[in-house]
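Structure data follow from structure39.txt (compact mmCIF, C-alpha atoms):
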```
# COMPACT_ATOMS: atom_id res chain seq x y z
CA MET N 189 66.62 110.76 -69.90
CA ASN N 190 65.66 109.49 -73.35
CA THR N 191 63.02 107.57 -75.21
CA THR N 192 64.46 104.18 -74.29
CA HIS N 193 64.20 104.05 -70.55
CA GLN N 194 65.04 100.53 -69.51
CA GLN N 195 62.32 99.75 -66.96
CA ASN N 196 59.47 97.53 -68.06
CA PRO N 197 56.10 99.11 -68.61
CA ALA N 198 53.77 98.20 -65.77
CA ASN N 199 50.80 97.61 -68.06
CA ASN N 200 50.24 95.62 -71.17
CA ALA N 201 51.22 97.69 -74.23
CA ASP N 202 48.24 96.40 -76.23
CA GLU N 203 45.89 97.53 -73.50
CA ILE N 204 47.45 101.01 -73.50
CA HIS N 205 47.16 101.26 -77.30
CA ARG N 206 43.50 100.18 -77.06
CA ASN N 207 42.95 102.84 -74.44
CA VAL N 208 44.50 105.53 -76.63
CA LYS N 209 42.42 104.46 -79.64
CA SER N 210 39.27 104.57 -77.51
CA GLN N 211 40.16 108.12 -76.39
CA VAL N 212 40.59 109.25 -79.98
CA ARG N 213 37.21 107.73 -80.91
CA VAL N 214 35.57 109.46 -77.94
CA GLY N 215 37.21 112.76 -78.96
CA ILE N 216 35.87 112.47 -82.51
CA ALA N 217 32.41 111.56 -81.18
CA LEU N 218 32.49 114.61 -78.88
CA VAL N 219 33.29 116.95 -81.78
CA ILE N 220 30.52 115.37 -83.90
CA PHE N 221 27.95 115.63 -81.08
CA THR N 222 28.98 119.21 -80.31
CA THR N 223 28.46 120.08 -83.98
CA LEU N 224 25.09 118.32 -83.80
CA ALA N 225 24.12 120.40 -80.74
CA VAL N 226 25.05 123.58 -82.60
CA GLY N 227 22.99 122.43 -85.60
CA LEU N 228 19.99 121.62 -83.38
CA SER N 229 20.16 125.05 -81.77
CA PHE N 230 19.81 126.82 -85.13
CA ILE N 231 17.11 124.72 -86.83
CA PRO N 232 13.47 125.73 -86.27
CA PHE N 233 11.66 123.86 -83.46
CA HIS N 234 7.98 124.13 -82.60
CA SER N 235 8.90 125.37 -79.11
CA GLN N 236 11.88 126.66 -77.16
CA SER N 237 11.39 123.83 -74.62
CA ALA N 238 11.84 121.22 -77.36
CA ARG N 239 15.05 122.95 -78.49
CA ILE N 240 16.40 123.03 -74.91
CA LEU N 241 15.54 119.35 -74.41
CA ALA N 242 17.28 118.35 -77.67
CA VAL N 243 20.46 120.34 -77.00
CA VAL N 244 20.72 119.31 -73.34
CA THR N 245 20.22 115.65 -74.33
CA VAL N 246 23.16 115.87 -76.73
CA ALA N 247 25.25 117.58 -74.01
CA ALA N 248 24.31 114.78 -71.57
CA VAL N 249 25.40 112.14 -74.12
CA ASN N 250 28.73 113.98 -74.43
CA ALA N 251 29.10 114.07 -70.65
CA LEU N 252 28.39 110.32 -70.42
CA LEU N 253 31.00 109.63 -73.10
CA VAL N 254 33.62 111.60 -71.18
CA SER N 255 32.81 110.09 -67.80
CA PHE N 256 32.37 106.47 -68.91
CA PHE N 257 35.16 106.22 -71.49
CA SER N 258 37.66 109.08 -71.02
CA MET N 259 37.49 108.87 -67.21
CA HIS N 260 37.13 105.05 -67.30
CA LEU N 261 34.08 105.02 -65.07
CA LYS N 262 32.86 102.02 -67.04
CA ALA N 263 35.82 99.90 -65.95
CA GLU N 264 36.49 101.53 -62.58
CA ARG N 265 36.19 99.75 -59.24
CA ASN N 266 32.91 99.64 -57.33
CA ILE N 267 34.07 102.10 -54.71
CA ILE N 268 34.46 104.84 -57.37
CA GLY N 269 31.06 103.92 -58.77
CA ARG N 270 29.62 104.43 -55.28
CA PHE N 271 31.25 107.86 -54.94
CA VAL N 272 29.81 108.91 -58.26
CA PHE N 273 26.40 107.43 -57.51
CA PHE N 274 26.00 109.37 -54.26
CA THR N 275 27.35 112.55 -55.87
CA VAL N 276 24.79 112.26 -58.65
CA ILE N 277 22.03 111.75 -56.06
CA PHE N 278 23.10 114.98 -54.32
CA VAL N 279 23.25 116.91 -57.60
CA ILE N 280 19.77 115.67 -58.54
CA GLY N 281 18.67 116.87 -55.09
CA LEU N 282 20.14 120.32 -55.83
CA PHE N 283 18.24 120.58 -59.10
CA ALA N 284 15.09 119.28 -57.40
CA LEU N 285 15.40 122.06 -54.80
CA THR N 286 15.67 124.58 -57.65
CA ALA N 287 12.57 123.15 -59.28
CA LEU N 288 10.67 123.24 -55.97
CA ALA N 289 11.74 126.86 -55.37
CA TYR N 290 10.56 127.81 -58.86
CA LEU N 291 7.20 126.09 -58.41
CA ASP N 292 6.81 127.79 -55.05
CA SER N 293 7.51 131.26 -56.46
CA THR N 294 5.06 130.78 -59.32
CA ARG N 295 2.40 129.86 -56.79
CA LEU N 296 2.94 133.20 -55.05
CA HIS N 297 2.41 135.24 -58.24
CA MET C 74 59.97 107.82 -45.35
CA ASP C 75 58.25 106.20 -48.32
CA ILE C 76 54.54 106.79 -48.63
CA PRO C 77 52.81 103.47 -49.31
CA TYR C 78 50.35 102.80 -52.12
CA VAL C 79 51.51 105.52 -54.53
CA ILE C 80 51.98 102.87 -57.22
CA THR C 81 50.45 99.66 -55.94
CA ALA C 82 46.82 99.37 -54.94
CA ARG C 83 45.69 99.30 -51.33
CA PRO C 84 44.36 95.83 -50.52
CA ASP C 85 41.13 97.16 -49.00
CA THR C 86 40.06 99.60 -51.75
CA GLY C 87 41.92 98.08 -54.69
CA LEU C 88 43.09 101.59 -55.64
CA TRP C 89 46.28 103.57 -55.14
CA ASN C 90 46.11 106.69 -52.96
CA ALA C 91 45.95 109.43 -55.57
CA LYS C 92 43.26 107.63 -57.57
CA ILE C 93 40.86 107.51 -54.66
CA ALA C 94 41.75 111.08 -53.64
CA ILE C 95 41.14 112.56 -57.09
CA TRP C 96 37.73 110.90 -57.32
CA LEU C 97 36.74 112.31 -53.92
CA PHE C 98 37.97 115.72 -55.08
CA LEU C 99 36.05 115.42 -58.35
CA ALA C 100 32.91 114.49 -56.39
CA SER C 101 33.21 117.80 -54.51
CA GLU C 102 33.77 119.59 -57.82
CA VAL C 103 30.61 118.06 -59.26
CA MET C 104 28.73 119.51 -56.30
CA LEU C 105 30.33 122.93 -56.81
CA PHE C 106 29.49 123.17 -60.51
CA GLY C 107 26.17 121.38 -59.95
CA GLY C 108 25.17 124.17 -57.56
CA LEU C 109 26.13 126.82 -60.09
CA PHE C 110 24.31 125.15 -62.97
CA SER C 111 21.33 124.78 -60.68
CA ALA C 112 21.53 128.55 -60.06
CA TYR C 113 21.64 129.05 -63.84
CA VAL C 114 18.41 127.05 -64.23
CA PHE C 115 16.79 129.04 -61.42
CA LEU C 116 17.76 132.41 -62.90
CA ARG C 117 16.72 131.41 -66.38
CA MET C 118 13.34 130.01 -65.35
CA GLY C 119 12.64 133.14 -63.32
CA ALA C 120 13.73 135.64 -65.99
CA ASP C 121 11.03 138.02 -67.25
CA PRO C 122 10.13 137.80 -70.97
CA GLY C 123 12.84 139.47 -73.06
CA HIS C 124 15.35 139.48 -70.20
CA TRP C 125 17.22 136.29 -71.14
CA PRO C 126 19.31 137.10 -74.19
CA HIS C 127 19.96 134.81 -77.15
CA GLY C 128 22.79 135.06 -79.62
CA LEU C 129 25.02 137.41 -77.62
CA LEU C 130 27.92 134.96 -77.52
CA ASN C 131 30.10 134.05 -80.46
CA VAL C 132 29.17 130.44 -81.34
CA PRO C 133 32.03 129.71 -83.83
CA VAL C 134 34.57 130.91 -81.23
CA GLY C 135 32.87 128.79 -78.55
CA MET C 136 32.96 125.78 -80.88
CA LEU C 137 36.64 126.39 -81.57
CA ASN C 138 37.38 126.46 -77.85
CA THR C 139 35.36 123.27 -77.30
CA THR C 140 37.38 121.51 -80.00
CA ILE C 141 40.65 122.78 -78.50
CA LEU C 142 39.69 121.44 -75.08
CA ILE C 143 38.64 118.06 -76.50
CA ALA C 144 41.95 117.89 -78.43
CA SER C 145 43.86 118.68 -75.23
CA SER C 146 42.13 115.78 -73.46
CA ILE C 147 43.33 113.45 -76.22
CA THR C 148 46.91 114.75 -76.16
CA ALA C 149 46.93 114.41 -72.35
CA VAL C 150 46.03 110.72 -72.73
CA PHE C 151 48.77 110.37 -75.37
CA ALA C 152 51.23 111.84 -72.84
CA TRP C 153 50.11 109.37 -70.16
CA ALA C 154 50.31 106.42 -72.60
CA SER C 155 53.83 107.49 -73.63
CA LEU C 156 54.91 107.36 -69.99
CA LYS C 157 53.38 103.92 -69.56
CA LEU C 158 55.29 102.76 -72.63
CA ARG C 159 58.45 104.44 -71.30
CA GLN C 160 58.74 106.87 -74.22
CA PHE C 161 59.86 109.96 -72.40
CA ALA C 162 60.49 112.22 -75.41
CA ARG C 163 57.00 111.44 -76.73
CA TYR C 164 55.60 112.20 -73.29
CA LYS C 165 57.30 115.60 -73.28
CA PHE C 166 55.95 116.33 -76.77
CA PHE C 167 52.33 115.43 -76.01
CA MET C 168 52.36 117.08 -72.60
CA GLY C 169 53.74 120.20 -74.28
CA LEU C 170 50.88 120.04 -76.82
CA THR C 171 48.34 119.68 -73.99
CA ILE C 172 49.77 122.77 -72.28
CA LEU C 173 49.68 124.67 -75.57
CA CYS C 174 46.02 123.73 -76.11
CA GLY C 175 45.14 124.85 -72.57
CA ILE C 176 46.92 128.18 -73.03
CA THR C 177 45.17 128.68 -76.39
CA PHE C 178 41.79 128.00 -74.74
CA LEU C 179 42.53 130.62 -72.08
CA ALA C 180 43.85 133.12 -74.62
CA VAL C 181 40.64 132.83 -76.65
CA LYS C 182 38.44 133.06 -73.55
CA LEU C 183 40.22 135.72 -71.53
CA GLY C 184 42.04 137.56 -74.30
CA TYR C 185 39.33 137.69 -76.97
CA GLU C 186 35.84 136.76 -75.76
CA TYR C 187 35.81 138.56 -72.41
CA PRO C 188 37.25 141.86 -73.75
CA GLN C 189 34.69 141.76 -76.59
CA LYS C 190 31.92 141.58 -74.02
CA PHE C 191 33.41 144.35 -71.87
CA GLY C 192 33.41 146.58 -74.97
CA HIS C 193 29.74 145.99 -75.81
CA PHE C 194 26.87 147.99 -74.32
CA GLY C 195 23.23 147.40 -73.49
CA ALA C 196 20.51 149.69 -72.11
CA PHE C 197 17.29 148.24 -70.66
CA ILE C 198 14.46 150.62 -71.49
CA LYS C 199 11.82 151.48 -68.87
CA SER C 200 8.46 149.88 -69.65
CA GLU C 201 6.77 153.30 -69.99
CA SER C 202 9.38 154.38 -72.60
CA LEU C 203 9.30 151.27 -74.77
CA ALA C 204 6.94 152.90 -77.29
CA LYS C 205 9.38 155.80 -77.79
CA TYR C 206 12.09 153.38 -78.90
CA GLU C 207 9.78 151.12 -80.91
CA PRO C 208 11.74 151.80 -84.17
CA TYR C 209 14.73 150.11 -82.53
CA LEU C 210 12.87 147.41 -80.62
CA GLY C 211 10.18 146.26 -83.06
CA ASN C 212 7.93 144.88 -80.31
CA SER C 213 4.69 145.14 -82.33
CA TYR C 214 6.30 143.05 -85.04
CA LEU C 215 7.61 140.55 -82.45
CA ALA C 216 4.21 140.35 -80.72
CA ALA C 217 2.50 139.64 -84.06
CA LYS C 218 4.93 136.77 -84.60
CA LYS C 219 4.50 135.58 -80.98
CA LEU C 220 8.17 136.13 -80.25
CA PRO C 221 9.54 137.40 -76.91
CA PRO C 222 9.72 141.21 -76.66
CA ARG C 223 12.94 143.25 -76.89
CA VAL C 224 13.48 145.47 -73.88
CA GLU C 225 17.13 146.29 -74.47
CA ILE C 226 18.99 148.40 -77.00
CA MET C 227 22.48 147.09 -77.64
CA GLY C 228 25.53 148.26 -79.51
CA HIS C 229 28.76 150.14 -79.16
CA LEU C 230 28.70 153.04 -76.71
CA HIS C 231 30.39 156.13 -78.18
CA ASN C 232 30.38 158.32 -75.07
CA ARG C 233 31.74 155.91 -72.45
CA GLU C 234 31.84 158.69 -69.88
CA ALA C 235 28.05 158.30 -69.69
CA LEU C 236 28.64 155.09 -67.74
CA THR C 237 30.39 156.88 -64.89
CA ASN C 238 29.20 160.48 -65.08
CA PRO C 239 25.53 160.94 -64.09
CA ASP C 240 25.60 164.47 -65.54
CA VAL C 241 25.80 163.01 -69.04
CA LYS C 242 22.12 162.77 -69.91
CA GLU C 243 22.31 160.66 -73.09
CA TYR C 244 23.90 157.48 -74.32
CA GLU C 245 25.21 157.64 -77.89
CA VAL C 246 25.01 154.12 -79.26
CA ALA C 247 26.04 152.62 -82.60
CA LEU C 248 23.31 149.99 -82.88
CA ASP C 249 23.61 146.24 -83.19
CA ALA C 250 22.11 144.92 -86.42
CA ALA C 251 19.00 143.58 -84.65
CA ASN C 252 18.21 147.00 -83.13
CA ALA C 253 19.05 148.86 -86.35
CA ASP C 254 16.53 146.81 -88.32
CA PRO C 255 14.28 145.17 -85.69
CA THR C 256 11.47 144.12 -88.04
CA ASN C 257 13.78 142.24 -90.37
CA PRO C 258 12.77 138.53 -90.13
CA GLU C 259 16.47 137.72 -90.35
CA PHE C 260 16.78 138.77 -86.71
CA ASP C 261 13.92 136.63 -85.40
CA ARG C 262 16.56 134.04 -84.47
CA PRO C 263 20.21 134.33 -83.42
CA HIS C 264 22.85 133.99 -86.14
CA PHE C 265 25.64 131.43 -86.24
CA ILE C 266 28.03 134.18 -87.30
CA GLN C 267 27.31 137.39 -85.44
CA LYS C 268 26.48 140.53 -87.41
CA PRO C 269 28.83 143.45 -86.74
CA VAL C 270 27.71 146.67 -85.09
CA THR C 271 26.08 148.98 -87.65
CA ASP C 272 27.00 152.61 -88.32
CA LYS C 273 23.49 153.73 -87.32
CA VAL C 274 23.94 155.89 -84.19
CA ILE C 275 21.09 156.91 -81.90
CA THR C 276 20.86 158.71 -78.58
CA ILE C 277 19.02 157.20 -75.66
CA ASP C 278 17.86 159.51 -72.87
CA ARG C 279 19.16 158.45 -69.48
CA GLN C 280 15.70 159.08 -67.98
CA ASP C 281 14.25 156.38 -70.29
CA VAL C 282 16.76 153.79 -69.16
CA GLU C 283 16.11 151.38 -66.34
CA PHE C 284 19.67 150.09 -66.29
CA ALA C 285 22.62 150.39 -68.65
CA SER C 286 26.13 148.98 -68.62
CA VAL C 287 28.69 147.17 -70.70
CA PHE C 288 28.35 143.38 -70.84
CA ALA C 289 29.94 142.84 -67.43
CA PRO C 290 28.61 140.56 -64.65
CA ARG C 291 26.44 143.38 -63.24
CA HIS C 292 24.70 143.92 -66.59
CA SER C 293 22.15 141.10 -66.19
CA SER C 294 21.48 137.73 -64.56
CA PHE C 295 22.67 136.11 -67.79
CA PHE C 296 26.09 137.77 -67.71
CA ALA C 297 26.40 137.32 -63.93
CA ILE C 298 26.03 133.54 -64.18
CA TYR C 299 27.96 133.41 -67.48
CA PHE C 300 31.03 135.11 -66.01
CA THR C 301 30.74 133.14 -62.75
CA ILE C 302 30.68 129.72 -64.38
CA THR C 303 33.08 130.39 -67.26
CA GLY C 304 35.42 132.34 -64.93
CA LEU C 305 35.47 129.50 -62.41
CA HIS C 306 36.02 127.08 -65.26
CA ALA C 307 38.93 129.22 -66.52
CA LEU C 308 40.43 129.09 -63.01
CA HIS C 309 40.20 125.29 -63.18
CA VAL C 310 41.95 125.33 -66.55
CA ILE C 311 44.72 127.49 -65.04
CA GLY C 312 45.02 125.05 -62.10
CA GLY C 313 45.28 122.06 -64.46
CA LEU C 314 47.85 123.87 -66.61
CA LEU C 315 50.02 124.64 -63.57
CA VAL C 316 50.05 120.94 -62.68
CA PHE C 317 50.81 119.91 -66.26
CA ILE C 318 53.61 122.50 -66.51
CA TYR C 319 55.08 121.13 -63.26
CA PHE C 320 55.09 117.59 -64.69
CA TRP C 321 56.49 118.86 -67.99
CA LEU C 322 59.40 120.83 -66.53
CA PRO C 323 62.42 118.94 -65.13
CA ILE C 324 61.36 119.76 -61.55
CA GLY C 325 58.42 117.36 -61.91
CA SER C 326 59.42 115.15 -64.80
CA ASN C 327 62.74 114.11 -63.20
CA LEU C 328 60.67 111.70 -61.15
CA TYR C 329 60.79 109.60 -64.32
CA LEU C 330 64.44 108.78 -63.59
CA LYS C 331 63.63 107.55 -60.11
CA ASP C 332 60.27 105.90 -60.65
CA PRO C 333 58.53 106.24 -64.05
CA GLU C 334 55.41 104.44 -62.87
CA HIS C 335 54.94 106.94 -60.07
CA LEU C 336 55.10 109.81 -62.60
CA ALA C 337 52.67 107.92 -64.87
CA ASN C 338 50.22 107.61 -61.96
CA ARG C 339 50.53 111.31 -61.16
CA VAL C 340 49.89 112.20 -64.79
CA GLU C 341 46.94 109.80 -64.86
CA VAL C 342 45.15 111.56 -61.99
CA SER C 343 45.93 114.94 -63.60
CA CYS C 344 44.33 113.61 -66.79
CA LEU C 345 41.22 112.60 -64.81
CA TYR C 346 40.98 116.16 -63.53
CA TRP C 347 41.51 117.52 -67.05
CA HIS C 348 38.72 115.31 -68.42
CA PHE C 349 36.45 116.73 -65.73
CA VAL C 350 37.36 120.28 -66.78
CA ASP C 351 36.47 119.19 -70.34
CA LEU C 352 33.16 117.76 -69.11
CA VAL C 353 32.18 121.03 -67.38
CA TRP C 354 32.84 122.96 -70.59
CA ILE C 355 30.80 120.44 -72.59
CA PHE C 356 27.80 121.56 -70.49
CA ALA C 357 28.73 125.23 -70.26
CA PHE C 358 29.08 125.66 -74.03
CA PRO C 359 25.52 124.66 -75.02
CA VAL C 360 23.75 126.30 -72.08
CA PHE C 361 25.37 129.69 -72.62
CA TYR C 362 26.10 129.80 -76.35
CA LEU C 363 23.26 127.78 -77.85
CA LEU C 364 20.16 128.08 -75.65
```
If you convert what's in this file into structure tokens, what do you get?
Amino acid sequence: MNTTHQQNPANNADEIHRNVKSQVRVGIALVIFTTLAVGLSFIPFHSQSARILAVVTVAAVNALLVSFFSMHLKAERNIIGRFVFFTVIFVIGLFALTALAYLDSTRLH
Amino acid sequence: MDIPYVITARPDTGLWNAKIAIWLFLASEVMLFGGLFSAYVFLRMGADPGHWPHGLLNVPVGMLNTTILIASSITAVFAWASLKLRQFARYKFFMGLTILCGITFLAVKLGYEYPQKFGHFGAFIKSESLAKYEPYLGNSYLAAKKLPPRVEIMGHLHNREALTNPDVKEYEVALDAANADPTNPEFDRPHFIQKPVTDKVITIDRQDVEFASVFAPRHSSFFAIYFTITGLHALHVIGGLLVFIYFWLPIGSNLYLKDPEHLANRVEVSCLYWHFVDLVWIFAFPVFYLL
């Protein structure tokens, strides 16, 4: 086994190189956004809620970068998009249940 | 018997088997971690004032681990691309780097961060005894500045037998900087680089303590959910590493001789899983270390 295996690559080499470059760009963006989130968490905000919103927004941008570019969701087939769509709906439902439970408990106090 | 559609796409879905399977698996994983993060939100929203700690985790170390995991995602893609381009030696190199990054992540998490927490101590003071420990809590100062109260004294426990022996009536604690000098405005907010434990030692009467333990899952809701999510994440890292090691060693990588595209596809779905592990950490890092 060596570096010059004789079978032809199944995909276009240019496409693969583009893919690798895109991954590197996403990686750099993730490090920059993570640093930004750390910075936001240490600068003074008028409220803790504003700080949470800012940091979670940056984390969500990072998550979108990973899912759309690193995991190729952007270019993936419709069937995968449908899986993800319904999963996201269920996760939103989970968080909604948490919010409802919290509102309910505050009403009891 | 040859299994169909391991390389070519099925005509009905347009995807090869493993691709569709990994996405279904990842959907279930999203639900698993979604449930846990939802529990985190619930616990945090329901925490009493002063009971959700800030600045207990080491942010620079967390940042380092985040960067290591992001780097491992990139090297994993390099490994996959090398296979697609039929550069086997390059594949071995980048897959080796990915494995090394994963092991480093685990070493930092399980070998440094967790033991640090297990060696740190916190005692929640009963509400009726808070005034007695005011010099170490600074609640009047915090109230004047409209900051959440401190209800816990933290530091390094000198007499560890107090944790297991109820006959020991006092905890001897070398105080954390914030408890040693609680009215110092420097401690109004967490620090990027944590201050070391001071040499100021106090004794806390057991009868004044509501609950005391090292920073283990039973210590508080914060550490319970922290260890649950980061521990489960670490298990996922271990799982991914085992798969990568299998594809790196001859037992898995010899498939290259028979069918390099099949190996490339296997590595591709492993990379999808690894990116997901990365994604979970991208959420876990800010919610535990920064907020």
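Distance annotation: of N:Ser229, N:Leu252, N:Phe274, N:Ile220, the residue with the minimal separation from chain C is N:Ser229; atom set is only C-alpha atoms.
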Listed atoms of stretch 116-131 of chain C boxed axis-aligned with 4 Å per side, centre + edges as AutoDock Vina command-line options:
```
--center_x 20.1 --center_y 134.7 --center_z -71.7 --size_x 28.0 --size_y 17.5 --size_z 25.6
```
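Each of N:Val254, N:Ile231, N:Val249, N:Ala263 was checked against chain C using all atoms listed in the file; the smallest atom-to-atom distance is that of N:Val254.
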Which is closer to N:Leu224 than all the others in N:Ala238, N:Ile204, N:Ala247, N:Val272, using only C-alpha atoms?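 Result for the nearest residue to N:Leu224: N:Ala247.
Comparing the minimum interatomic distances between chain N and each of C:Gln189, C:Thr271, C:Ser213, C:Ser326, counting all atoms listed in the file, we find that C:Ser326 sits nearest.
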Which of these, C:Tyr244, C:Trp354, C:Phe197, C:Phe296, has the shortest distance to chain N once you count only C-alpha atoms?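 For chain N, the nearest of the candidates is C:Trp354.
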Compile the contact shell of N:Leu218 as a VMD selection string: residues with an atom at most 12 Å away, counting all atoms listed in the file, same-chain residues fewer than 5 positions apart removed. (chain N and resid 211 to 213 223 to 225 246 to 255 257 to 258) or (chain C and resid 136 139 to 144 146 to 147 351 to 352 354 to 356)
Keeping only C-alpha atoms, write the selected residues to a file as a PDB file, keeping the file's coordinate frame.
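What ended up in result.pdb:
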```pdb
ATOM      1  CA  GLN N 211      40.160 108.120 -76.390  1.00  0.00           C
ATOM      2  CA  VAL N 212      40.590 109.250 -79.980  1.00  0.00           C
ATOM      3  CA  ARG N 213      37.210 107.730 -80.910  1.00  0.00           C
ATOM      4  CA  THR N 223      28.460 120.080 -83.980  1.00  0.00           C
ATOM      5  CA  LEU N 224      25.090 118.320 -83.800  1.00  0.00           C
ATOM      6  CA  ALA N 225      24.120 120.400 -80.740  1.00  0.00           C
ATOM      7  CA  VAL N 246      23.160 115.870 -76.730  1.00  0.00           C
ATOM      8  CA  ALA N 247      25.250 117.580 -74.010  1.00  0.00           C
ATOM      9  CA  ALA N 248      24.310 114.780 -71.570  1.00  0.00           C
ATOM     10  CA  VAL N 249      25.400 112.140 -74.120  1.00  0.00           C
ATOM     11  CA  ASN N 250      28.730 113.980 -74.430  1.00  0.00           C
ATOM     12  CA  ALA N 251      29.100 114.070 -70.650  1.00  0.00           C
ATOM     13  CA  LEU N 252      28.390 110.320 -70.420  1.00  0.00           C
ATOM     14  CA  LEU N 253      31.000 109.630 -73.100  1.00  0.00           C
ATOM     15  CA  VAL N 254      33.620 111.600 -71.180  1.00  0.00           C
ATOM     16  CA  SER N 255      32.810 110.090 -67.800  1.00  0.00           C
ATOM     17  CA  PHE N 257      35.160 106.220 -71.490  1.00  0.00           C
ATOM     18  CA  SER N 258      37.660 109.080 -71.020  1.00  0.00           C
TER      19      SER N 258
ATOM     20  CA  MET C 136      32.960 125.780 -80.880  1.00  0.00           C
ATOM     21  CA  THR C 139      35.360 123.270 -77.300  1.00  0.00           C
ATOM     22  CA  THR C 140      37.380 121.510 -80.000  1.00  0.00           C
ATOM     23  CA  ILE C 141      40.650 122.780 -78.500  1.00  0.00           C
ATOM     24  CA  LEU C 142      39.690 121.440 -75.080  1.00  0.00           C
ATOM     25  CA  ILE C 143      38.640 118.060 -76.500  1.00  0.00           C
ATOM     26  CA  ALA C 144      41.950 117.890 -78.430  1.00  0.00           C
ATOM     27  CA  SER C 146      42.130 115.780 -73.460  1.00  0.00           C
ATOM     28  CA  ILE C 147      43.330 113.450 -76.220  1.00  0.00           C
ATOM     29  CA  ASP C 351      36.470 119.190 -70.340  1.00  0.00           C
ATOM     30  CA  LEU C 352      33.160 117.760 -69.110  1.00  0.00           C
ATOM     31  CA  TRP C 354      32.840 122.960 -70.590  1.00  0.00           C
ATOM     32  CA  ILE C 355      30.800 120.440 -72.590  1.00  0.00           C
ATOM     33  CA  PHE C 356      27.800 121.560 -70.490  1.00  0.00           C
TER      34      PHE C 356
END
```
Find the spatial neighbours of C:Cys174, counting all atoms listed in the file, within a cut-off of 12 Å - ignore same-chain residues fewer than 3 positions away - and output them as an mmCIF file with C-alpha atoms, in the coordinates of the input.
```cif
data_model
loop_
_atom_site.group_PDB
_atom_site.id
_atom_site.type_symbol
_atom_site.label_atom_id
_atom_site.label_comp_id
_atom_site.auth_asym_id
_atom_site.auth_seq_id
_atom_site.Cartn_x
_atom_site.Cartn_y
_atom_site.Cartn_z
ATOM 1 C CA LEU C 137 36.640 126.390 -81.570
ATOM 2 C CA ASN C 138 37.380 126.460 -77.850
ATOM 3 C CA THR C 139 35.360 123.270 -77.300
ATOM 4 C CA THR C 140 37.380 121.510 -80.000
ATOM 5 C CA ILE C 141 40.650 122.780 -78.500
ATOM 6 C CA LEU C 142 39.690 121.440 -75.080
ATOM 7 C CA ILE C 143 38.640 118.060 -76.500
ATOM 8 C CA ALA C 144 41.950 117.890 -78.430
ATOM 9 C CA SER C 145 43.860 118.680 -75.230
ATOM 10 C CA SER C 146 42.130 115.780 -73.460
ATOM 11 C CA ILE C 147 43.330 113.450 -76.220
ATOM 12 C CA THR C 148 46.910 114.750 -76.160
ATOM 13 C CA ALA C 149 46.930 114.410 -72.350
ATOM 14 C CA PHE C 167 52.330 115.430 -76.010
ATOM 15 C CA MET C 168 52.360 117.080 -72.600
ATOM 16 C CA GLY C 169 53.740 120.200 -74.280
ATOM 17 C CA LEU C 170 50.880 120.040 -76.820
ATOM 18 C CA THR C 171 48.340 119.680 -73.990
ATOM 19 C CA THR C 177 45.170 128.680 -76.390
ATOM 20 C CA PHE C 178 41.790 128.000 -74.740
ATOM 21 C CA LEU C 179 42.530 130.620 -72.080
ATOM 22 C CA ALA C 180 43.850 133.120 -74.620
ATOM 23 C CA VAL C 181 40.640 132.830 -76.650
ATOM 24 C CA VAL C 310 41.950 125.330 -66.550
ATOM 25 C CA ILE C 311 44.720 127.490 -65.040
ATOM 26 C CA GLY C 313 45.280 122.060 -64.460
ATOM 27 C CA LEU C 314 47.850 123.870 -66.610
ATOM 28 C CA PHE C 317 50.810 119.910 -66.260
ATOM 29 C CA TRP C 347 41.510 117.520 -67.050
#
```
Could you tell me which of N:Leu241, N:Gln236, N:Leu261, N:Asn207 comes closest to N:Phe273 if we count only C-alpha atoms? N:Leu261
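For the atom pair formed by atom CA of C:Tyr214 and atom CA of C:Thr256, the distance is 6.1 Å, given to one decimal.
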Need to verify the contact set: C:Gly108, 8 Å, all atoms listed in the file, exclusion of same-chain residues closer than 5 positions in sequence. Can you return it as a PDB file with C-alpha atoms, in the frame of the given file?
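Resulting contents of result-v4.pdb:
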```pdb
ATOM      1  CA  VAL N 279      23.250 116.910 -57.600  1.00  0.00           C
ATOM      2  CA  LEU N 282      20.140 120.320 -55.830  1.00  0.00           C
ATOM      3  CA  PHE N 283      18.240 120.580 -59.100  1.00  0.00           C
TER       4      PHE N 283
END
```
Select all residues near (16.9, 122.2, -77.7) (cut-off 10 Å, inclusive, file coordinates), counting all atoms listed in the file, and output them as a ChimeraX atom specification. /N:225-233,235-246 /C:359-360,363-364
Nearby residues (all atoms listed in the file) at most 9 Å from C:Asn232, same-chain spacing under 6 positions excluded, as a list in words: Val241, Glu243, Tyr244, Glu245 and Val246 of chain C
